[in-house]
$ cat input.cif   # mmCIF, C-alpha atoms
data_upload
#
loop_
_atom_site.group_PDB
_atom_site.id
_atom_site.type_symbol
_atom_site.label_atom_id
_atom_site.label_comp_id
_atom_site.auth_asym_id
_atom_site.auth_seq_id
_atom_site.Cartn_x
_atom_site.Cartn_y
_atom_site.Cartn_z
ATOM 1 C CA MET A 296 45.666 -61.149 143.694
ATOM 2 C CA SER A 297 48.449 -63.680 143.814
ATOM 3 C CA SER A 298 51.678 -63.725 145.802
ATOM 4 C CA TYR A 299 53.130 -61.147 143.410
ATOM 5 C CA SER A 300 51.206 -58.494 145.360
ATOM 6 C CA ARG A 301 53.369 -59.074 148.429
ATOM 7 C CA GLU A 302 56.185 -57.226 146.699
ATOM 8 C CA HIS A 303 54.135 -54.586 144.926
ATOM 9 C CA GLN A 304 50.483 -53.550 145.051
ATOM 10 C CA LEU A 305 48.956 -52.595 141.721
ATOM 11 C CA VAL A 306 47.901 -48.946 141.634
ATOM 12 C CA ASP A 307 44.189 -48.719 142.377
ATOM 13 C CA ILE A 308 42.819 -47.929 138.912
ATOM 14 C CA PRO A 309 40.253 -49.903 136.905
ATOM 15 C CA LYS A 310 42.507 -51.127 134.111
ATOM 16 C CA ILE A 311 45.614 -53.276 133.785
ATOM 17 C CA LEU A 312 47.767 -53.422 130.638
ATOM 18 C CA VAL A 313 49.381 -56.652 129.426
ATOM 19 C CA VAL A 314 51.700 -56.592 126.409
ATOM 20 C CA SER A 315 52.893 -59.847 124.867
ATOM 21 C CA ASP A 316 55.286 -60.913 122.149
ATOM 22 C CA LEU A 317 54.074 -63.558 119.694
ATOM 23 C CA ASP A 318 56.813 -65.961 118.519
ATOM 24 C CA GLY A 319 58.248 -68.023 121.347
ATOM 25 C CA THR A 320 55.864 -66.375 123.799
ATOM 26 C CA LEU A 321 52.133 -66.352 123.088
ATOM 27 C CA LEU A 322 52.457 -68.726 120.131
ATOM 28 C CA LYS A 323 53.354 -72.368 120.345
ATOM 29 C CA SER A 324 56.155 -73.629 118.125
ATOM 30 C CA ASN A 325 53.574 -74.583 115.463
ATOM 31 C CA ASN A 326 52.409 -70.937 115.271
ATOM 32 C CA THR A 327 49.094 -71.520 117.034
ATOM 33 C CA ILE A 328 47.468 -70.111 120.162
ATOM 34 C CA SER A 329 45.881 -72.698 122.432
ATOM 35 C CA GLN A 330 42.207 -72.472 123.317
ATOM 36 C CA SER A 331 43.223 -72.282 126.973
ATOM 37 C CA THR A 332 45.247 -69.128 126.284
ATOM 38 C CA ILE A 333 42.397 -67.621 124.241
ATOM 39 C CA ASP A 334 39.964 -68.276 127.106
ATOM 40 C CA VAL A 335 42.250 -66.720 129.734
ATOM 41 C CA ILE A 336 42.854 -63.571 127.672
ATOM 42 C CA LYS A 337 39.110 -63.201 127.058
ATOM 43 C CA LYS A 338 38.427 -63.395 130.804
ATOM 44 C CA PHE A 339 41.138 -60.799 131.366
ATOM 45 C CA THR A 340 39.794 -58.339 128.763
ATOM 46 C CA ASP A 341 36.161 -58.953 129.790
ATOM 47 C CA ARG A 342 37.104 -57.345 133.112
ATOM 48 C CA GLY A 343 37.902 -54.130 131.234
ATOM 49 C CA ASN A 344 41.648 -54.675 131.041
ATOM 50 C CA ILE A 345 43.833 -54.115 127.955
ATOM 51 C CA PHE A 346 45.794 -56.845 126.155
ATOM 52 C CA CYS A 347 48.173 -55.835 123.352
ATOM 53 C CA ILE A 348 50.395 -57.744 120.951
ATOM 54 C CA ALA A 349 53.926 -56.425 120.351
ATOM 55 C CA THR A 350 55.835 -58.318 117.699
ATOM 56 C CA GLY A 351 58.649 -58.039 115.209
ATOM 57 C CA ARG A 352 56.288 -59.441 112.594
ATOM 58 C CA PRO A 353 54.640 -57.237 109.980
ATOM 59 C CA LYS A 354 50.971 -56.494 110.487
ATOM 60 C CA ARG A 355 49.883 -59.025 107.849
ATOM 61 C CA ALA A 356 51.525 -61.821 109.848
ATOM 62 C CA ALA A 357 50.016 -60.798 113.194
ATOM 63 C CA ILE A 358 46.473 -59.737 112.332
ATOM 64 C CA LYS A 359 45.011 -63.257 112.389
ATOM 65 C CA TYR A 360 46.085 -63.703 116.019
ATOM 66 C CA TYR A 361 44.713 -60.273 116.903
ATOM 67 C CA GLU A 362 41.373 -61.297 115.399
ATOM 68 C CA GLN A 363 41.480 -64.761 116.959
ATOM 69 C CA LEU A 364 41.843 -63.151 120.393
ATOM 70 C CA LYS A 365 39.020 -60.697 119.534
ATOM 71 C CA LEU A 366 41.153 -57.734 120.556
ATOM 72 C CA ASN A 367 40.214 -54.085 120.037
ATOM 73 C CA SER A 368 43.510 -52.662 121.283
ATOM 74 C CA LEU A 369 46.524 -51.164 119.555
ATOM 75 C CA LEU A 370 48.780 -53.525 117.595
ATOM 76 C CA ILE A 371 52.570 -53.153 117.664
ATOM 77 C CA ASN A 372 54.523 -54.383 114.630
ATOM 78 C CA TYR A 373 58.127 -54.274 113.407
ATOM 79 C CA ASN A 374 59.400 -54.254 117.023
ATOM 80 C CA GLY A 375 57.618 -50.981 117.753
ATOM 81 C CA SER A 376 58.113 -48.956 114.578
ATOM 82 C CA TYR A 377 54.527 -49.338 113.339
ATOM 83 C CA ILE A 378 51.501 -48.923 115.606
ATOM 84 C CA THR A 379 47.904 -49.334 114.416
ATOM 85 C CA ASN A 380 44.448 -50.104 115.748
ATOM 86 C CA PRO A 381 42.888 -52.648 113.378
ATOM 87 C CA SER A 382 39.559 -52.309 115.200
ATOM 88 C CA ASN A 383 39.392 -48.538 114.754
ATOM 89 C CA PRO A 384 39.912 -47.104 111.242
ATOM 90 C CA LYS A 385 39.918 -43.587 112.721
ATOM 91 C CA PHE A 386 43.179 -44.280 114.551
ATOM 92 C CA THR A 387 46.069 -42.682 112.680
ATOM 93 C CA PRO A 388 48.906 -45.232 112.318
ATOM 94 C CA LEU A 389 52.219 -44.285 113.910
ATOM 95 C CA ASN A 390 55.177 -44.898 111.638
ATOM 96 C CA LEU A 391 58.493 -44.653 113.495
ATOM 97 C CA GLY A 392 60.809 -45.800 110.741
ATOM 98 C CA PHE A 393 63.795 -43.989 109.252
ATOM 99 C CA SER A 394 64.566 -42.107 106.053
ATOM 100 C CA ASN A 395 65.070 -44.070 102.876
ATOM 101 C CA ASP A 396 68.101 -41.825 102.280
ATOM 102 C CA ILE A 397 69.829 -43.898 104.969
ATOM 103 C CA LEU A 398 68.723 -47.047 103.144
ATOM 104 C CA ARG A 399 70.349 -45.800 99.936
ATOM 105 C CA LYS A 400 73.611 -45.069 101.725
ATOM 106 C CA ILE A 401 73.648 -48.568 103.178
ATOM 107 C CA MET A 402 72.821 -50.165 99.840
ATOM 108 C CA ASN A 403 75.565 -48.202 98.076
ATOM 109 C CA ASN A 404 78.253 -49.041 100.638
ATOM 110 C CA LYS A 405 80.634 -51.548 99.047
ATOM 111 C CA ASN A 406 82.093 -52.534 102.434
ATOM 112 C CA ILE A 407 78.619 -53.697 103.445
ATOM 113 C CA LEU A 408 77.519 -55.336 100.209
ATOM 114 C CA LYS A 409 80.619 -57.525 99.882
ATOM 115 C CA HIS A 410 79.700 -59.373 103.109
ATOM 116 C CA VAL A 411 75.988 -59.776 102.356
ATOM 117 C CA ASN A 412 74.130 -62.600 100.586
ATOM 118 C CA ASN A 413 70.799 -60.818 100.425
ATOM 119 C CA ILE A 414 68.873 -57.832 101.789
ATOM 120 C CA LEU A 415 65.219 -57.506 102.743
ATOM 121 C CA VAL A 416 63.672 -54.049 103.131
ATOM 122 C CA GLU A 417 60.299 -53.635 104.858
ATOM 123 C CA ASN A 418 58.034 -50.580 104.767
ATOM 124 C CA THR A 419 54.389 -49.646 104.228
ATOM 125 C CA GLU A 420 54.743 -50.265 100.479
ATOM 126 C CA GLY A 421 55.597 -53.923 101.015
ATOM 127 C CA ASP A 422 58.724 -56.054 101.092
ATOM 128 C CA PHE A 423 61.697 -55.564 98.799
ATOM 129 C CA ILE A 424 64.283 -58.277 98.241
ATOM 130 C CA TRP A 425 67.662 -57.348 96.807
ATOM 131 C CA LYS A 426 68.398 -60.585 94.938
ATOM 132 C CA LYS A 427 66.379 -63.599 93.934
ATOM 133 C CA PRO A 428 67.339 -66.514 96.247
ATOM 134 C CA LYS A 429 69.864 -68.874 94.700
ATOM 135 C CA SER A 430 68.000 -72.032 95.681
ATOM 136 C CA GLU A 431 64.512 -73.188 96.565
ATOM 137 C CA LYS A 432 65.754 -73.961 100.100
ATOM 138 C CA GLU A 433 67.007 -70.403 100.534
ATOM 139 C CA ARG A 434 63.800 -69.014 99.066
ATOM 140 C CA PHE A 435 61.637 -71.092 101.398
ATOM 141 C CA ALA A 436 63.636 -70.084 104.481
ATOM 142 C CA LEU A 437 63.557 -66.388 103.523
ATOM 143 C CA PHE A 438 59.895 -66.256 102.565
ATOM 144 C CA ASN A 439 58.698 -68.479 105.406
ATOM 145 C CA HIS A 440 60.579 -66.729 108.206
ATOM 146 C CA PHE A 441 59.666 -63.241 107.045
ATOM 147 C CA HIS A 442 56.074 -64.216 106.242
ATOM 148 C CA ILE A 443 56.221 -63.626 102.505
ATOM 149 C CA THR A 444 54.368 -66.846 101.867
ATOM 150 C CA SER A 445 51.362 -66.170 99.643
ATOM 151 C CA LYS A 446 50.694 -64.717 96.222
ATOM 152 C CA SER A 447 48.732 -61.920 97.882
ATOM 153 C CA ASP A 448 51.803 -60.628 99.719
ATOM 154 C CA LYS A 449 53.274 -57.542 98.126
ATOM 155 C CA TYR A 450 56.956 -58.004 97.393
ATOM 156 C CA SER A 451 59.338 -57.236 94.572
ATOM 157 C CA TYR A 452 62.991 -57.649 93.729
ATOM 158 C CA ILE A 453 65.121 -54.522 93.650
ATOM 159 C CA LYS A 454 68.357 -53.244 92.197
ATOM 160 C CA PRO A 455 71.025 -51.480 94.284
ATOM 161 C CA LYS A 456 69.794 -48.021 93.230
ATOM 162 C CA LEU A 457 66.418 -48.726 94.916
ATOM 163 C CA ALA A 458 64.519 -46.505 92.500
ATOM 164 C CA ASN A 459 61.250 -48.267 93.287
ATOM 165 C CA ILE A 460 61.295 -47.596 97.051
ATOM 166 C CA THR A 461 59.747 -44.250 97.969
ATOM 167 C CA ALA A 462 58.358 -44.666 101.498
ATOM 168 C CA ASP A 463 60.530 -44.530 104.589
ATOM 169 C CA VAL A 464 61.780 -47.769 106.099
ATOM 170 C CA HIS A 465 60.684 -49.911 109.059
ATOM 171 C CA SER A 466 63.592 -52.312 108.930
ATOM 172 C CA ILE A 467 66.527 -53.490 106.833
ATOM 173 C CA LEU A 468 67.515 -57.134 107.203
ATOM 174 C CA LEU A 469 70.945 -58.238 106.015
ATOM 175 C CA HIS A 470 71.520 -61.941 105.388
ATOM 176 C CA ILE A 471 75.269 -62.012 105.940
ATOM 177 C CA LYS A 472 77.824 -64.458 104.591
ATOM 178 C CA SER A 473 79.492 -65.236 107.918
ATOM 179 C CA ASP A 474 79.284 -64.359 111.627
ATOM 180 C CA LYS A 475 82.857 -63.102 111.428
ATOM 181 C CA TYR A 476 81.597 -60.014 109.583
ATOM 182 C CA ILE A 477 79.142 -58.915 112.294
ATOM 183 C CA ASP A 478 81.503 -56.381 113.890
ATOM 184 C CA ASP A 479 82.690 -54.953 110.568
ATOM 185 C CA LEU A 480 79.139 -54.561 109.297
ATOM 186 C CA SER A 481 77.937 -53.006 112.547
ATOM 187 C CA TYR A 482 80.777 -50.488 112.323
ATOM 188 C CA GLU A 483 79.897 -49.562 108.734
ATOM 189 C CA ILE A 484 76.198 -49.198 109.571
ATOM 190 C CA LYS A 485 76.907 -47.047 112.627
ATOM 191 C CA SER A 486 79.275 -44.929 110.536
ATOM 192 C CA ILE A 487 76.375 -44.112 108.237
ATOM 193 C CA ALA A 488 73.959 -43.305 111.073
ATOM 194 C CA ASN A 489 74.855 -43.915 114.709
ATOM 195 C CA THR A 490 71.213 -43.336 115.662
ATOM 196 C CA LEU A 491 70.209 -46.756 114.357
ATOM 197 C CA ILE A 492 69.684 -49.928 116.385
ATOM 198 C CA VAL A 493 71.663 -52.886 115.032
ATOM 199 C CA ARG A 494 70.725 -56.395 116.208
ATOM 200 C CA HIS A 495 71.669 -59.840 114.959
ATOM 201 C CA TRP A 496 70.048 -63.256 115.260
ATOM 202 C CA ASN A 497 69.947 -66.634 113.498
ATOM 203 C CA VAL A 498 67.383 -68.031 111.072
ATOM 204 C CA ILE A 499 67.246 -71.790 110.504
ATOM 205 C CA GLY A 500 68.037 -72.503 106.882
ATOM 206 C CA LEU A 501 69.612 -69.102 106.256
ATOM 207 C CA GLY A 502 72.137 -68.255 108.946
ATOM 208 C CA THR A 503 72.830 -64.921 110.602
ATOM 209 C CA ILE A 504 70.595 -61.909 110.018
ATOM 210 C CA ILE A 505 71.551 -58.350 110.957
ATOM 211 C CA GLU A 506 68.483 -56.205 111.582
ATOM 212 C CA ILE A 507 68.604 -52.413 111.318
ATOM 213 C CA ASN A 508 65.903 -50.272 112.960
ATOM 214 C CA SER A 509 65.292 -46.736 114.109
ATOM 215 C CA VAL A 510 66.296 -46.029 117.710
ATOM 216 C CA PHE A 511 62.578 -45.451 118.348
ATOM 217 C CA SER A 512 61.772 -48.905 117.034
ATOM 218 C CA SER A 513 61.736 -50.827 120.287
ATOM 219 C CA LYS A 514 59.101 -52.677 122.236
ATOM 220 C CA GLY A 515 60.161 -50.784 125.349
ATOM 221 C CA MET A 516 59.354 -47.481 123.659
ATOM 222 C CA ALA A 517 56.078 -48.964 122.400
ATOM 223 C CA LEU A 518 55.142 -50.038 125.923
ATOM 224 C CA LYS A 519 55.695 -46.490 127.179
ATOM 225 C CA TYR A 520 53.440 -45.216 124.418
ATOM 226 C CA LEU A 521 50.741 -47.773 125.250
ATOM 227 C CA SER A 522 50.971 -46.821 128.922
ATOM 228 C CA SER A 523 50.468 -43.154 128.026
ATOM 229 C CA TYR A 524 47.769 -43.838 125.425
ATOM 230 C CA TYR A 525 45.620 -45.901 127.785
ATOM 231 C CA GLY A 526 46.449 -43.869 130.892
ATOM 232 C CA ILE A 527 47.778 -46.941 132.679
ATOM 233 C CA PRO A 528 50.976 -46.390 134.680
ATOM 234 C CA LEU A 529 53.893 -48.718 134.071
ATOM 235 C CA GLU A 530 53.414 -50.002 137.615
ATOM 236 C CA ASN A 531 50.204 -51.584 136.328
ATOM 237 C CA CYS A 532 51.793 -53.115 133.220
ATOM 238 C CA LEU A 533 52.803 -56.722 132.602
ATOM 239 C CA ALA A 534 54.987 -57.750 129.677
ATOM 240 C CA PHE A 535 55.856 -61.184 128.304
ATOM 241 C CA GLY A 536 58.688 -61.984 125.903
ATOM 242 C CA ASP A 537 61.359 -64.510 125.046
ATOM 243 C CA GLY A 538 63.938 -62.766 122.857
ATOM 244 C CA ASP A 539 66.649 -60.137 122.909
ATOM 245 C CA ASN A 540 64.283 -57.733 121.129
ATOM 246 C CA ASP A 541 61.924 -58.071 124.117
ATOM 247 C CA ALA A 542 64.562 -57.105 126.679
ATOM 248 C CA GLU A 543 63.779 -53.380 126.877
ATOM 249 C CA MET A 544 60.053 -54.070 127.167
ATOM 250 C CA LEU A 545 60.680 -56.558 129.978
ATOM 251 C CA ARG A 546 62.776 -53.978 131.841
ATOM 252 C CA THR A 547 60.213 -51.223 131.297
ATOM 253 C CA ALA A 548 57.154 -53.038 132.643
ATOM 254 C CA PHE A 549 57.156 -53.387 136.420
ATOM 255 C CA PHE A 550 56.010 -56.968 135.954
ATOM 256 C CA GLY A 551 58.292 -58.170 133.175
ATOM 257 C CA PHE A 552 58.095 -61.920 132.547
ATOM 258 C CA ALA A 553 60.759 -63.681 130.485
ATOM 259 C CA MET A 554 59.583 -66.978 129.063
ATOM 260 C CA LYS A 555 61.100 -70.133 130.512
ATOM 261 C CA ASN A 556 62.250 -70.905 126.956
ATOM 262 C CA GLY A 557 63.639 -67.391 126.483
ATOM 263 C CA THR A 558 67.146 -66.158 125.787
ATOM 264 C CA THR A 559 69.626 -65.328 128.519
ATOM 265 C CA THR A 560 69.308 -61.622 127.675
ATOM 266 C CA ALA A 561 65.535 -61.747 128.122
ATOM 267 C CA LYS A 562 65.833 -63.567 131.443
ATOM 268 C CA LEU A 563 68.430 -61.126 132.791
ATOM 269 C CA SER A 564 66.205 -58.201 131.766
ATOM 270 C CA ALA A 565 63.026 -59.398 133.500
ATOM 271 C CA ARG A 566 62.014 -59.413 137.145
ATOM 272 C CA TYR A 567 60.134 -62.668 136.713
ATOM 273 C CA MET A 568 60.201 -65.829 134.622
ATOM 274 C CA THR A 569 57.230 -67.915 133.543
ATOM 275 C CA GLN A 570 56.811 -71.276 135.160
ATOM 276 C CA GLN A 571 56.201 -72.940 131.787
ATOM 277 C CA THR A 572 57.355 -72.504 128.189
ATOM 278 C CA ASN A 573 55.417 -71.124 125.238
ATOM 279 C CA ASN A 574 54.465 -74.692 124.277
ATOM 280 C CA GLU A 575 52.960 -75.189 127.736
ATOM 281 C CA ASP A 576 50.781 -72.032 127.794
ATOM 282 C CA GLY A 577 53.315 -70.142 129.877
ATOM 283 C CA VAL A 578 51.622 -66.735 129.429
ATOM 284 C CA ALA A 579 48.145 -68.040 130.255
ATOM 285 C CA ILE A 580 49.377 -69.812 133.389
ATOM 286 C CA GLU A 581 50.939 -66.618 134.779
ATOM 287 C CA LEU A 582 47.863 -64.517 133.943
ATOM 288 C CA ARG A 583 45.613 -67.083 135.572
ATOM 289 C CA LYS A 584 47.700 -67.029 138.756
ATOM 290 C CA PHE A 585 48.215 -63.283 138.778
ATOM 291 C CA PHE A 586 44.563 -62.330 138.330
ATOM 292 C CA ASN A 587 42.817 -65.434 139.688
ATOM 293 C CA LEU A 588 41.232 -66.091 136.298
#
$ encode --input "input.cif" --output "structure tokens"
Amino acid sequence: MSSYSREHQLVDIPKILVVSDLDGTLLKSNNTISQSTIDVIKKFTDRGNIFCIATGRPKRAAIKYYEQLKLNSLLINYNGSYITNPSNPKFTPLNLGFSNDILRKIMNNKNILKHVNNILVENTEGDFIWKKPKSEKERFALFNHFHITSKSDKYSYIKPKLANITADVHSILLHIKSDKYIDDLSYEIKSIANTLIVRHWNVIGLGTIIEINSVFSSKGMALKYLSSYYGIPLENCLAFGDGDNDAEMLRTAFFGFAMKNGTTTAKLSARYMTQQTNNEDGVAIELRKFFNL
């Protein structure tokens, strides 16, 4: 063990759980995982420990990293609203989205629509885009950031009545016209259903995005589920993340590590901070120190 054990001894059980975000954390800025990180995670799992990915990405945009790391653990997508085990077809996926009735109310609210450029809806049926992007630049930014980048991806354009969406929803993403509408839009959304989580963040080439999720759609909630599923107490859990959507997970794990390149919210939520950034194998360095790998 490293110096971390001076503050807290890991409970004496055979397994340790590590949960890591992808973008800005495990992945470098070019969307790759270094061989050094792959090697460290393999050494960690070869000892019988559990390594899980928890990401805001859809499954289709995370599965290649799961396979690259040769994981056989649960996979957390859509910030915790969809949980699967790609290595075990007998595992019943957990879908913690929200009713598409709420989606219809949001899409029929004129006070919301007047401040929105476009809307992306994600569920198990695919991705649904409200309007065709006005320019190739907007299209590239939208499709690239939300991983709708190949002909094999299932997406379709929708009309406000949403007649072609039948499954419940993982997330609604509003591309808003200006930051000055954030408070007004949040109020309208909460007026429809105050049980929803409303976050906002910036996408290069698009601008501000408001994300709407179920209250159960959080990485912190997912970590608690993973802890229970694997029978590993939170005292034996490490979590790594860089963004505001990682904050609850970083608070929940006893050993929560905010990335050196992370947001202020992430850093204030974590007990620890990585010595290096995501581009410098920050996760691998901490795992190597922590477990003498």
$ atom_distance --input "input.cif" --atom1 "atom CA of A:Phe438" --atom2 "atom CA of A:Lys405"
25.7 Å
$ resolve_selection --input "input.cif" --expression "the PyMOL selection byres ((chain A and resi 466-482) around 9)" --output "NGL selection string"
:A and (373 or 376 or 392-393 or 398 or 406-407 or 409-418 or 464-465 or 483-487 or 493-495 or 501-509 or 512)
$ resolve_selection --input "input.cif" --expression "the PyMOL selection byres ((chain A and resi 566-571) around 7)" --output "list of chain:residue names"
A:Phe550, A:Gly551, A:Phe552, A:Ala553, A:Met554, A:Lys555, A:Lys562, A:Ser564, A:Ala565, A:Thr572, A:Asn573, A:Glu575, A:Asp576, A:Gly577, A:Glu581
$ residues_around --input "input.cif" --residues "stretch 320-323 of chain A" --least-positions-apart "6" --cutoff "7 Å" --atoms "only C-alpha atoms" --output "PyMOL selection string"
chain A and resi 535-537+554+573-574+578
$ atom_distance --input "input.cif" --atom1 "atom CA of A:Leu518" --atom2 "atom CA of A:Met544"
6.5 Å
$ residues_around --input "input.cif" --residues "A:Pro353" --least-positions-apart "6" --cutoff "10 Å" --atoms "all atoms listed in the file" --output "PyMOL selection string"
chain A and resi 371-374+377+417-419+421-422+441-443+465
$ residues_around --input "input.cif" --residues "A:Ala517" --least-positions-apart "6" --cutoff "12 Å" --atoms "all atoms listed in the file" --output "ChimeraX atom specification"
/A:314-316,347-351,369-379,389-391,510-511,523-524,529,534,541,543-545,547-548
$ residues_around --input "input.cif" --residues "A:Gln330" --least-positions-apart "4" --cutoff "10 Å" --atoms "all atoms listed in the file" --output "ChimeraX atom specification"
/A:334-336,364,576
$ atom_distance --input "input.cif" --atom1 "atom CA of A:Tyr360" --atom2 "atom CA of A:Asn540"
19.8 Å
$ resolve_selection --input "input.cif" --expression "the PyMOL selection byres ((chain A and resi 532) around 6)" --output "PyMOL selection string"
chain A and resi 312-313+529-531+533+548
$ write_last_selection --input "input.cif" --atoms "C-alpha atoms" --output "JSON list (two decimals), keeping the file's coordinate frame"
[["chain", "number", "residue", "atom", "x", "y", "z"],
["A", 312, "LEU", "CA", 47.77, -53.42, 130.64],
["A", 313, "VAL", "CA", 49.38, -56.65, 129.43],
["A", 529, "LEU", "CA", 53.89, -48.72, 134.07],
["A", 530, "GLU", "CA", 53.41, -50.00, 137.62],
["A", 531, "ASN", "CA", 50.20, -51.58, 136.33],
["A", 533, "LEU", "CA", 52.80, -56.72, 132.60],
["A", 548, "ALA", "CA", 57.15, -53.04, 132.64]]
$ closest_residue --input "input.cif" --among "A:Asn326, A:Thr461, A:Ser430, A:Ser382" --to "A:Ser394" --atoms "only C-alpha atoms"
A:Thr461
$ residues_near_point --input "input.cif" --point "(62.7, -65.2, 111.7)" --cutoff "8 Å" --atoms "all atoms listed in the file" --output "number ranges by chain"
A: 440-441, 497-498
$ closest_residue --input "input.cif" --among "A:Ile401, A:Asp318, A:Lys429, A:Thr340" --to "A:Leu491" --atoms "only C-alpha atoms"
A:Ile401
$ residues_near_point --input "input.cif" --point "(45.5, -50.5, 132.8)" --cutoff "7 Å" --atoms "all atoms listed in the file" --output "list of chain:residue names"
A:Pro309, A:Lys310, A:Ile311, A:Leu312, A:Asn344, A:Ile345, A:Tyr525, A:Gly526, A:Ile527, A:Asn531, A:Cys532
$ closest_residue --input "input.cif" --among "A:Phe585, A:Lys426, A:Ser324, A:Leu366" --to "A:Pro381" --atoms "only C-alpha atoms"
A:Leu366
$ axis_aligned_box --input "input.cif" --around "stretch 567-583 of chain A" --padding-each-side "3 Å" --output "AutoDock Vina command-line options"
--center_x 52.9 --center_y -68.9 --center_z 130.5 --size_x 20.6 --size_y 18.5 --size_z 18.4
